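So this one's protein15.cif, mmCIF, C-alpha atoms:
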```cif
data_start
#
loop_
_atom_site.group_PDB
_atom_site.id
_atom_site.type_symbol
_atom_site.label_atom_id
_atom_site.label_comp_id
_atom_site.auth_asym_id
_atom_site.auth_seq_id
_atom_site.Cartn_x
_atom_site.Cartn_y
_atom_site.Cartn_z
ATOM 1 C CA MET A 1 -54.229 24.689 124.422
ATOM 2 C CA TYR A 2 -54.807 28.400 124.038
ATOM 3 C CA GLN A 3 -51.834 30.516 122.980
ATOM 4 C CA TRP A 4 -51.235 34.227 123.268
ATOM 5 C CA GLY A 5 -49.060 36.680 121.375
ATOM 6 C CA ASP A 6 -49.060 38.647 118.152
ATOM 7 C CA ALA A 7 -51.221 37.371 115.340
ATOM 8 C CA GLY A 8 -51.315 38.182 111.657
ATOM 9 C CA LYS A 9 -54.276 39.775 109.951
ATOM 10 C CA TYR A 10 -57.040 37.440 108.899
ATOM 11 C CA ARG A 11 -58.064 37.164 105.261
ATOM 12 C CA PRO A 12 -61.374 35.821 103.924
ATOM 13 C CA LEU A 13 -61.085 32.366 102.417
ATOM 14 C CA TRP A 14 -64.259 31.284 100.702
ATOM 15 C CA THR A 15 -62.965 28.517 98.418
ATOM 16 C CA GLY A 16 -65.026 25.393 98.853
ATOM 17 C CA SER A 17 -66.874 26.691 101.936
ATOM 18 C CA ILE A 18 -70.323 26.577 100.346
ATOM 19 C CA LEU A 19 -69.805 22.966 99.236
ATOM 20 C CA VAL A 20 -68.514 21.965 102.664
ATOM 21 C CA LEU A 21 -71.462 23.544 104.462
ATOM 22 C CA ALA A 22 -73.890 21.862 102.093
ATOM 23 C CA VAL A 23 -72.359 18.490 102.886
ATOM 24 C CA ILE A 24 -72.646 19.203 106.620
ATOM 25 C CA ILE A 25 -76.310 20.161 106.411
ATOM 26 C CA LEU A 26 -77.227 17.157 104.314
ATOM 27 C CA ALA A 27 -75.138 14.632 106.220
ATOM 28 C CA PRO A 28 -77.227 12.437 108.505
ATOM 29 C CA CYS A 29 -76.473 12.653 112.214
ATOM 30 C CA VAL A 30 -74.759 9.603 113.672
ATOM 31 C CA VAL A 31 -76.805 8.345 116.561
ATOM 32 C CA SER A 32 -75.622 5.672 118.951
ATOM 33 C CA ALA A 33 -77.381 2.364 118.623
ATOM 34 C CA HIS A 34 -77.887 2.503 122.367
ATOM 35 C CA ALA A 35 -79.693 5.845 122.280
ATOM 36 C CA SER A 36 -83.201 5.038 123.376
ATOM 37 C CA SER A 37 -85.701 6.102 125.977
ATOM 38 C CA LYS A 38 -85.313 2.788 127.802
ATOM 39 C CA LYS A 39 -83.122 1.985 130.753
ATOM 40 C CA VAL A 40 -81.324 -1.341 130.992
ATOM 41 C CA THR A 41 -84.238 -2.562 133.080
ATOM 42 C CA GLY A 42 -86.610 -1.784 130.238
ATOM 43 C CA GLN A 43 -88.319 0.963 132.202
ATOM 44 C CA LYS A 44 -88.927 4.273 130.495
ATOM 45 C CA GLU A 45 -86.543 6.942 131.744
ATOM 46 C CA GLN A 46 -88.135 9.740 133.754
ATOM 47 C CA VAL A 47 -86.471 12.878 132.401
ATOM 48 C CA HIS A 48 -86.382 15.756 134.871
ATOM 49 C CA LYS A 49 -88.172 18.922 133.824
ATOM 50 C CA TRP A 50 -85.697 21.784 134.160
ATOM 51 C CA LYS A 51 -86.483 25.505 134.191
ATOM 52 C CA GLY A 52 -84.361 26.412 131.176
ATOM 53 C CA PRO A 53 -84.930 25.759 127.458
ATOM 54 C CA GLY A 54 -83.871 22.432 126.038
ATOM 55 C CA THR A 55 -80.939 21.711 123.759
ATOM 56 C CA SER A 56 -80.918 23.908 120.659
ATOM 57 C CA GLN A 57 -82.424 22.222 117.640
ATOM 58 C CA ASN A 58 -79.985 20.842 115.053
ATOM 59 C CA LEU A 59 -77.161 21.517 117.515
ATOM 60 C CA ARG A 60 -74.660 19.237 115.772
ATOM 61 C CA ASN A 61 -75.121 20.842 112.364
ATOM 62 C CA VAL A 62 -74.991 24.349 113.851
ATOM 63 C CA ILE A 63 -71.700 23.720 115.671
ATOM 64 C CA VAL A 64 -70.024 21.937 112.767
ATOM 65 C CA GLY A 65 -71.262 24.565 110.323
ATOM 66 C CA ARG A 66 -69.991 27.403 112.498
ATOM 67 C CA CYS A 67 -66.643 25.642 112.752
ATOM 68 C CA PHE A 68 -66.130 25.520 108.983
ATOM 69 C CA HIS A 69 -67.419 29.080 108.607
ATOM 70 C CA TYR A 70 -64.967 30.434 111.211
ATOM 71 C CA MET A 71 -62.041 28.677 109.540
ATOM 72 C CA SER A 72 -63.018 30.144 106.175
ATOM 73 C CA MET A 73 -63.088 33.666 107.644
ATOM 74 C CA HIS A 74 -59.975 33.245 109.828
ATOM 75 C CA PRO A 75 -57.502 30.973 108.037
ATOM 76 C CA GLY A 76 -54.785 31.970 110.493
ATOM 77 C CA ILE A 77 -56.402 29.731 113.084
ATOM 78 C CA GLY A 78 -55.326 26.638 111.151
ATOM 79 C CA GLN A 79 -57.274 23.474 110.470
ATOM 80 C CA LYS A 80 -59.680 22.267 113.140
ATOM 81 C CA ASN A 81 -61.460 18.913 113.382
ATOM 82 C CA CYS A 82 -65.039 20.192 113.349
ATOM 83 C CA PHE A 83 -66.600 16.760 113.781
ATOM 84 C CA GLY A 84 -64.098 15.999 116.546
ATOM 85 C CA ILE A 85 -65.235 19.155 118.372
ATOM 86 C CA TRP A 86 -68.800 17.844 118.334
ATOM 87 C CA GLU A 87 -67.603 14.508 119.707
ATOM 88 C CA GLU A 88 -65.775 16.212 122.576
ATOM 89 C CA LEU A 89 -68.939 18.120 123.481
ATOM 90 C CA THR A 90 -70.944 14.902 123.608
ATOM 91 C CA ASN A 91 -68.212 13.231 125.670
ATOM 92 C CA ALA A 92 -68.530 16.062 128.183
ATOM 93 C CA VAL A 93 -72.295 15.824 128.752
ATOM 94 C CA TYR A 94 -73.656 12.434 127.627
ATOM 95 C CA ARG A 95 -74.894 10.146 130.417
ATOM 96 C CA LYS A 96 -74.325 12.839 133.033
ATOM 97 C CA ASP A 97 -76.623 14.650 135.397
ATOM 98 C CA PRO A 98 -76.994 18.109 133.751
ATOM 99 C CA CYS A 99 -76.448 19.617 137.218
ATOM 100 C CA ASN A 100 -73.184 17.751 137.686
ATOM 101 C CA VAL A 101 -71.144 18.824 134.657
ATOM 102 C CA THR A 102 -67.897 20.439 135.775
ATOM 103 C CA GLU A 103 -65.406 22.730 134.076
ATOM 104 C CA GLU A 104 -62.970 19.808 134.072
ATOM 105 C CA ASP A 105 -65.420 17.833 131.907
ATOM 106 C CA TYR A 106 -64.793 20.356 129.107
ATOM 107 C CA LYS A 107 -60.997 20.069 129.267
ATOM 108 C CA ASN A 108 -60.653 18.047 126.052
ATOM 109 C CA LEU A 109 -63.069 20.352 124.241
ATOM 110 C CA VAL A 110 -60.816 23.288 125.140
ATOM 111 C CA ASN A 111 -57.753 21.432 123.882
ATOM 112 C CA VAL A 112 -59.227 21.017 120.380
ATOM 113 C CA THR A 113 -60.473 24.610 120.080
ATOM 114 C CA GLY A 114 -57.245 26.501 120.790
ATOM 115 C CA ASP A 115 -57.048 30.083 119.497
ATOM 116 C CA ILE A 116 -54.606 33.002 119.422
ATOM 117 C CA ILE A 117 -55.450 36.038 121.552
ATOM 118 C CA PRO A 118 -53.235 39.012 120.560
ATOM 119 C CA CYS A 119 -51.993 41.318 123.322
ATOM 120 C CA ASP A 120 -53.986 44.535 123.913
ATOM 121 C CA LYS A 121 -57.013 43.116 122.040
ATOM 122 C CA THR A 122 -59.064 41.580 124.872
ATOM 123 C CA LEU A 123 -62.412 43.300 125.465
ATOM 124 C CA LEU A 124 -64.469 42.046 128.401
ATOM 125 C CA TRP A 125 -67.990 43.229 129.161
ATOM 126 C CA SER A 126 -70.797 43.246 131.714
ATOM 127 C CA ARG A 127 -74.383 44.279 130.950
ATOM 128 C CA THR A 128 -73.372 45.648 127.542
ATOM 129 C CA TYR A 129 -73.780 42.532 125.371
ATOM 130 C CA ASP A 130 -75.390 44.132 122.300
ATOM 131 C CA LEU A 131 -73.267 47.286 122.289
ATOM 132 C CA VAL A 132 -69.917 45.566 122.852
ATOM 133 C CA HIS A 133 -70.471 43.199 119.931
ATOM 134 C CA ARG A 134 -71.654 45.996 117.662
ATOM 135 C CA TYR A 135 -68.419 47.761 118.533
ATOM 136 C CA THR A 136 -66.064 44.846 117.878
ATOM 137 C CA LYS A 137 -67.850 44.121 114.602
ATOM 138 C CA ALA A 138 -67.647 47.763 113.496
ATOM 139 C CA THR A 139 -63.992 48.333 114.388
ATOM 140 C CA GLY A 140 -62.311 44.932 114.238
ATOM 141 C CA ASN A 141 -59.824 46.223 116.826
ATOM 142 C CA PHE A 142 -60.793 44.033 119.787
ATOM 143 C CA MET A 143 -61.891 40.500 120.620
ATOM 144 C CA THR A 144 -64.606 39.531 123.065
ATOM 145 C CA LEU A 145 -64.879 35.930 124.222
ATOM 146 C CA GLU A 146 -67.667 35.490 121.677
ATOM 147 C CA ASP A 147 -65.286 36.553 118.889
ATOM 148 C CA THR A 148 -62.843 33.744 119.680
ATOM 149 C CA PHE A 149 -63.157 30.367 117.986
ATOM 150 C CA LEU A 150 -64.521 28.659 121.110
ATOM 151 C CA GLY A 151 -66.967 31.461 121.875
ATOM 152 C CA PHE A 152 -68.139 31.740 118.273
ATOM 153 C CA LEU A 153 -68.998 28.037 118.170
ATOM 154 C CA PHE A 154 -71.296 28.053 121.177
ATOM 155 C CA THR A 155 -72.685 31.591 121.587
ATOM 156 C CA GLY A 156 -76.474 31.629 121.894
ATOM 157 C CA LEU A 157 -76.797 27.837 122.108
ATOM 158 C CA THR A 158 -78.043 25.607 124.905
ATOM 159 C CA TRP A 159 -77.351 21.928 125.521
ATOM 160 C CA CYS A 160 -77.502 19.251 128.186
ATOM 161 C CA GLY A 161 -77.466 15.477 128.267
ATOM 162 C CA LYS A 162 -79.487 12.924 130.215
ATOM 163 C CA SER A 163 -78.364 10.915 133.210
ATOM 164 C CA SER A 164 -79.175 7.403 131.987
ATOM 165 C CA THR A 165 -78.993 7.489 128.196
ATOM 166 C CA PRO A 166 -76.792 9.094 125.529
ATOM 167 C CA GLY A 167 -78.101 11.947 123.466
ATOM 168 C CA MET A 168 -79.164 15.492 124.278
ATOM 169 C CA ASN A 169 -82.232 16.575 126.215
ATOM 170 C CA PHE A 170 -84.254 18.677 123.790
ATOM 171 C CA LYS A 171 -87.117 19.306 126.219
ATOM 172 C CA SER A 172 -85.399 21.273 128.986
ATOM 173 C CA CYS A 173 -82.005 22.059 130.523
ATOM 174 C CA PRO A 174 -81.078 23.655 133.865
ATOM 175 C CA ALA A 175 -81.339 27.428 133.954
ATOM 176 C CA TRP A 176 -78.128 29.348 134.705
ATOM 177 C CA ASN A 177 -78.763 29.636 138.470
ATOM 178 C CA GLU A 178 -80.776 26.449 138.888
ATOM 179 C CA CYS A 179 -77.710 24.541 140.076
ATOM 180 C CA ASP A 180 -74.031 25.371 140.508
ATOM 181 C CA GLN A 181 -72.468 22.962 138.008
ATOM 182 C CA ASN A 182 -74.882 22.821 135.116
ATOM 183 C CA SER A 183 -73.742 22.144 131.571
ATOM 184 C CA ILE A 184 -74.064 25.763 130.386
ATOM 185 C CA SER A 185 -72.724 27.743 133.359
ATOM 186 C CA SER A 186 -69.736 25.396 133.774
ATOM 187 C CA PHE A 187 -68.879 25.805 130.092
ATOM 188 C CA TRP A 188 -68.962 29.619 130.077
ATOM 189 C CA LYS A 189 -67.117 29.910 133.389
ATOM 190 C CA MET A 190 -64.421 27.636 131.967
ATOM 191 C CA ALA A 191 -64.251 29.590 128.693
ATOM 192 C CA SER A 192 -64.171 32.947 130.519
ATOM 193 C CA ALA A 193 -61.389 31.784 132.836
ATOM 194 C CA ILE A 194 -59.221 30.708 129.891
ATOM 195 C CA PHE A 195 -59.897 33.932 127.978
ATOM 196 C CA ALA A 196 -58.835 36.018 130.986
ATOM 197 C CA ARG A 197 -55.843 33.777 131.724
ATOM 198 C CA VAL A 198 -54.318 34.144 128.259
ATOM 199 C CA SER A 199 -55.021 37.877 127.925
ATOM 200 C CA CYS A 200 -52.008 40.173 127.909
ATOM 201 C CA GLY A 201 -51.189 43.865 127.681
ATOM 202 C CA VAL A 202 -54.106 46.248 128.254
ATOM 203 C CA VAL A 203 -57.401 44.493 129.013
ATOM 204 C CA ASN A 204 -60.389 46.715 128.229
ATOM 205 C CA VAL A 205 -63.801 46.250 129.854
ATOM 206 C CA MET A 206 -67.091 47.788 128.651
ATOM 207 C CA LEU A 207 -69.576 48.443 131.480
ATOM 208 C CA ASN A 208 -73.045 49.989 131.614
ATOM 209 C CA GLY A 209 -73.106 53.279 133.527
ATOM 210 C CA SER A 210 -76.906 53.498 133.389
ATOM 211 C CA THR A 211 -77.614 50.211 135.145
ATOM 212 C CA ASP A 212 -79.318 50.064 138.533
ATOM 213 C CA GLY A 213 -77.301 49.118 141.595
ATOM 214 C CA ALA A 214 -73.631 48.246 141.550
ATOM 215 C CA ILE A 215 -71.829 48.783 138.258
ATOM 216 C CA VAL A 216 -70.754 45.122 138.366
ATOM 217 C CA ARG A 217 -72.645 42.494 140.348
ATOM 218 C CA LYS A 218 -70.487 40.648 142.861
ATOM 219 C CA GLU A 219 -71.687 37.325 141.426
ATOM 220 C CA SER A 220 -70.869 38.329 137.824
ATOM 221 C CA ILE A 221 -68.380 36.364 135.756
ATOM 222 C CA PHE A 222 -66.219 39.479 135.454
ATOM 223 C CA ARG A 223 -65.697 39.581 139.233
ATOM 224 C CA THR A 224 -65.803 35.894 140.144
ATOM 225 C CA VAL A 225 -63.945 34.440 137.146
ATOM 226 C CA GLU A 226 -62.203 36.933 134.870
ATOM 227 C CA ILE A 227 -60.455 39.245 137.339
ATOM 228 C CA PRO A 228 -59.086 36.393 139.501
ATOM 229 C CA ASN A 229 -57.734 34.623 136.407
ATOM 230 C CA MET A 230 -55.802 37.572 134.960
ATOM 231 C CA ASP A 231 -52.048 37.269 135.315
ATOM 232 C CA PRO A 232 -50.509 40.520 136.667
ATOM 233 C CA ALA A 233 -47.236 39.531 134.997
ATOM 234 C CA LYS A 234 -48.964 39.597 131.596
ATOM 235 C CA VAL A 235 -51.739 42.196 132.049
ATOM 236 C CA SER A 236 -50.296 45.707 132.198
ATOM 237 C CA GLU A 237 -53.608 47.456 132.919
ATOM 238 C CA VAL A 238 -57.343 46.852 133.323
ATOM 239 C CA LYS A 239 -59.059 49.785 131.590
ATOM 240 C CA LEU A 240 -62.782 50.231 132.310
ATOM 241 C CA TRP A 241 -65.044 52.002 129.837
ATOM 242 C CA VAL A 242 -68.176 53.334 131.568
ATOM 243 C CA ILE A 243 -70.792 53.723 128.836
ATOM 244 C CA ASP A 244 -74.157 55.324 129.612
ATOM 245 C CA ASP A 245 -77.173 54.328 127.566
ATOM 246 C CA ILE A 246 -77.593 57.027 124.948
ATOM 247 C CA GLU A 247 -81.076 57.747 126.350
ATOM 248 C CA GLY A 248 -80.358 56.528 129.865
ATOM 249 C CA GLU A 249 -79.373 58.063 133.180
ATOM 250 C CA ASP A 250 -75.819 58.564 134.343
ATOM 251 C CA ARG A 251 -76.087 56.365 137.453
ATOM 252 C CA ASN A 252 -72.440 55.338 137.675
ATOM 253 C CA SER A 253 -69.201 57.039 136.719
ATOM 254 C CA CYS A 254 -65.513 56.537 137.356
ATOM 255 C CA ASN A 255 -65.850 58.441 140.653
ATOM 256 C CA SER A 256 -68.956 56.705 142.008
ATOM 257 C CA ASP A 257 -68.812 54.618 145.183
ATOM 258 C CA SER A 258 -69.532 51.487 143.167
ATOM 259 C CA PHE A 259 -66.486 52.068 140.983
ATOM 260 C CA LEU A 260 -64.215 52.861 143.885
ATOM 261 C CA GLU A 261 -65.155 49.516 145.442
ATOM 262 C CA LEU A 262 -64.493 47.762 142.118
ATOM 263 C CA LYS A 263 -61.155 49.579 141.844
ATOM 264 C CA ARG A 264 -60.094 48.215 145.232
ATOM 265 C CA TYR A 265 -61.168 44.704 144.216
ATOM 266 C CA ILE A 266 -59.111 44.860 141.011
ATOM 267 C CA GLU A 267 -56.083 46.203 142.843
ATOM 268 C CA GLN A 268 -56.396 43.427 145.445
ATOM 269 C CA HIS A 269 -55.527 41.067 142.584
ATOM 270 C CA LYS A 270 -52.354 43.095 141.938
ATOM 271 C CA LEU A 271 -53.723 44.545 138.689
ATOM 272 C CA LYS A 272 -53.369 48.173 137.596
ATOM 273 C CA TYR A 273 -56.619 50.085 137.050
ATOM 274 C CA SER A 274 -57.882 52.999 134.957
ATOM 275 C CA CYS A 275 -61.325 54.259 133.993
ATOM 276 C CA ILE A 276 -62.891 56.302 131.168
ATOM 277 C CA ASP A 277 -66.387 57.803 131.282
ATOM 278 C CA ASN A 278 -68.322 57.461 128.009
ATOM 279 C CA TYR A 279 -65.438 56.390 125.804
ATOM 280 C CA LYS A 280 -65.922 58.553 122.713
ATOM 281 C CA PRO A 281 -65.467 55.907 119.973
ATOM 282 C CA VAL A 282 -68.231 53.829 121.575
ATOM 283 C CA GLN A 283 -70.477 56.847 122.027
ATOM 284 C CA ALA A 284 -69.981 57.683 118.362
ATOM 285 C CA LEU A 285 -71.259 54.206 117.488
ATOM 286 C CA GLN A 286 -74.304 54.736 119.707
ATOM 287 C CA CYS A 287 -75.029 57.964 117.851
ATOM 288 C CA VAL A 288 -75.233 56.208 114.487
ATOM 289 C CA SER A 289 -78.816 55.227 115.329
ATOM 290 C CA SER A 290 -79.554 58.040 117.817
ATOM 291 C CA TYR A 291 -78.008 61.077 116.142
ATOM 292 C CA ASP A 292 -80.716 63.462 117.403
ATOM 293 C CA ARG A 293 -79.897 62.913 121.094
ATOM 294 C CA ALA A 294 -78.194 65.616 123.149
ATOM 295 C CA ALA A 295 -75.184 63.413 123.871
ATOM 296 C CA CYS A 296 -74.615 63.143 120.112
ATOM 297 C CA ASN A 297 -74.645 66.897 119.528
ATOM 298 C CA GLN A 298 -70.900 67.316 119.854
ATOM 299 C CA CYS A 299 -68.282 68.698 117.537
ATOM 300 C CA SER A 300 -65.639 66.073 118.082
ATOM 301 C CA TYR A 301 -65.202 62.482 119.183
ATOM 302 C CA HIS A 302 -61.457 62.640 119.755
#
```

Please express what this file holds, its structure, as structure tokens.
Amino acid sequence: MYQWGDAGKYRPLWTGSILVLAVIILAPCVVSAHASSKKVTGQKEQVHKWKGPGTSQNLRNVIVGRCFHYMSMHPGIGQKNCFGIWEELTNAVYRKDPCNVTEEDYKNLVNVTGDIIPCDKTLLWSRTYDLVHRYTKATGNFMTLEDTFLGFLFTGLTWCGKSSTPGMNFKSCPAWNECDQNSISSFWKMASAIFARVSCGVVNVMLNGSTDGAIVRKESIFRTVEIPNMDPAKVSEVKLWVIDDIEGEDRNSCNSDSFLELKRYIEQHKLKYSCIDNYKPVQALQCVSSYDRAACNQCSYH
């Protein structure tokens, strides 16, 4: 299970990692003897054509390779069974309708990918994917879900099984909104819920102040999953960073109607709220590649 609390600093550990990764890449995939395109009746299975892309190529090697790489970079996480993690993923989706994979199906996968989330280090986001990960990489002061062990393993990948046979469907998988309980959306909702549940201290959230419409969509994971799963006894404050695009309009700020509605929603969950417009350390990072913009022509970023 996930744990929370103080964690020591991570140190690079490269010894043997190149050899291990080479073995992973060269190792043949173990395929069930029953994996075929035939049903028990001998009829060829009719695989549904979904709207989303199919399972990522070489998925097994990618996941196992990422597992060993993460352990080499973060030895404080301890030893993980990388091949066992792959097995738990297959147990969750093999021989199941890709639109009927629940969060509960991933329970064992969560149990073997436990991580430590230090207090005051959680950084959530909505509509700021590229910027928020540039920031965590540049500073090393915060952790997004994608920076955790579980998130690192599966970020950017797609997967789904087939109803009648083992193995992954490499032709197509359900798109995010194609059905409520598809293999990808159920996974990320589960992972997001756990990340929010174990967060403690100040929880920071990076939002896009230049986006059209509401600052946070009502159907977003931040509203539907992360806020409801925060524990007011552990989370001292939810601090929103409203970051405008460096060349974009200032459509939303801490005093806009959209933010006041979000403030009420957060407080309904008995969480304390604060807001910062254009958090200076993030704006400074934006200016690294856009130093000639007016917003970057400032004397100080204190």

Open item on the list: I'd like the neighbourhood of Cys200 (chain A) as a ChimeraX atom specification, where a residue qualifies if any of its atoms comes within 8 Å (using only C-alpha atoms), though same-chain residues fewer than 2 positions away should be ignored.
Closed with: /A:4-5,118-120,122,198,202-203,231,234-236

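With distances restricted to all atoms listed in the file, A:Ser186 is the closest residue to Glu103 (chain A) from A:Ser186, A:Ser199, A:Gln283, A:Ser220.
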
- [ ] Output the residue selection produced by the PyMOL selection byres ((chain A and resi 197) around 8) on the file above, formatted as a PyMOL selection string.
- [x] chain A and resi 193-196+198-199+226+229-231

Task: Option closest in space to Trp188 (chain A), from A:Ile243, A:Leu123, A:Val110, A:Ala138 [counting all atoms listed in the file] - done: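 Among the listed residues, the smallest separation from Trp188 (chain A) belongs to A:Val110.
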
- [ ] Take the point (-69.5, 55.2, 135.2) in the file's coordinates, draw a sphere of radius 10 Å around it, and report as a ChimeraX atom specification every protein, DNA or RNA residue with an atom inside or on it, counting only C-alpha atoms.
- [x] /A:207-211,215,240-244,250-256,258-259,275-278

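You can rank A:Cys99, A:Val288, A:Leu109, A:Val225 by their closest distance to Asn81 (chain A) using all atoms listed in the file, and at the top of that list sits A:Leu109.
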
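Among the candidate residues A:Asn182, A:Thr155, A:Ser274, A:Ser192, the one lying nearest to Glu237 (chain A) is A:Ser274, with distances computed using only C-alpha atoms.
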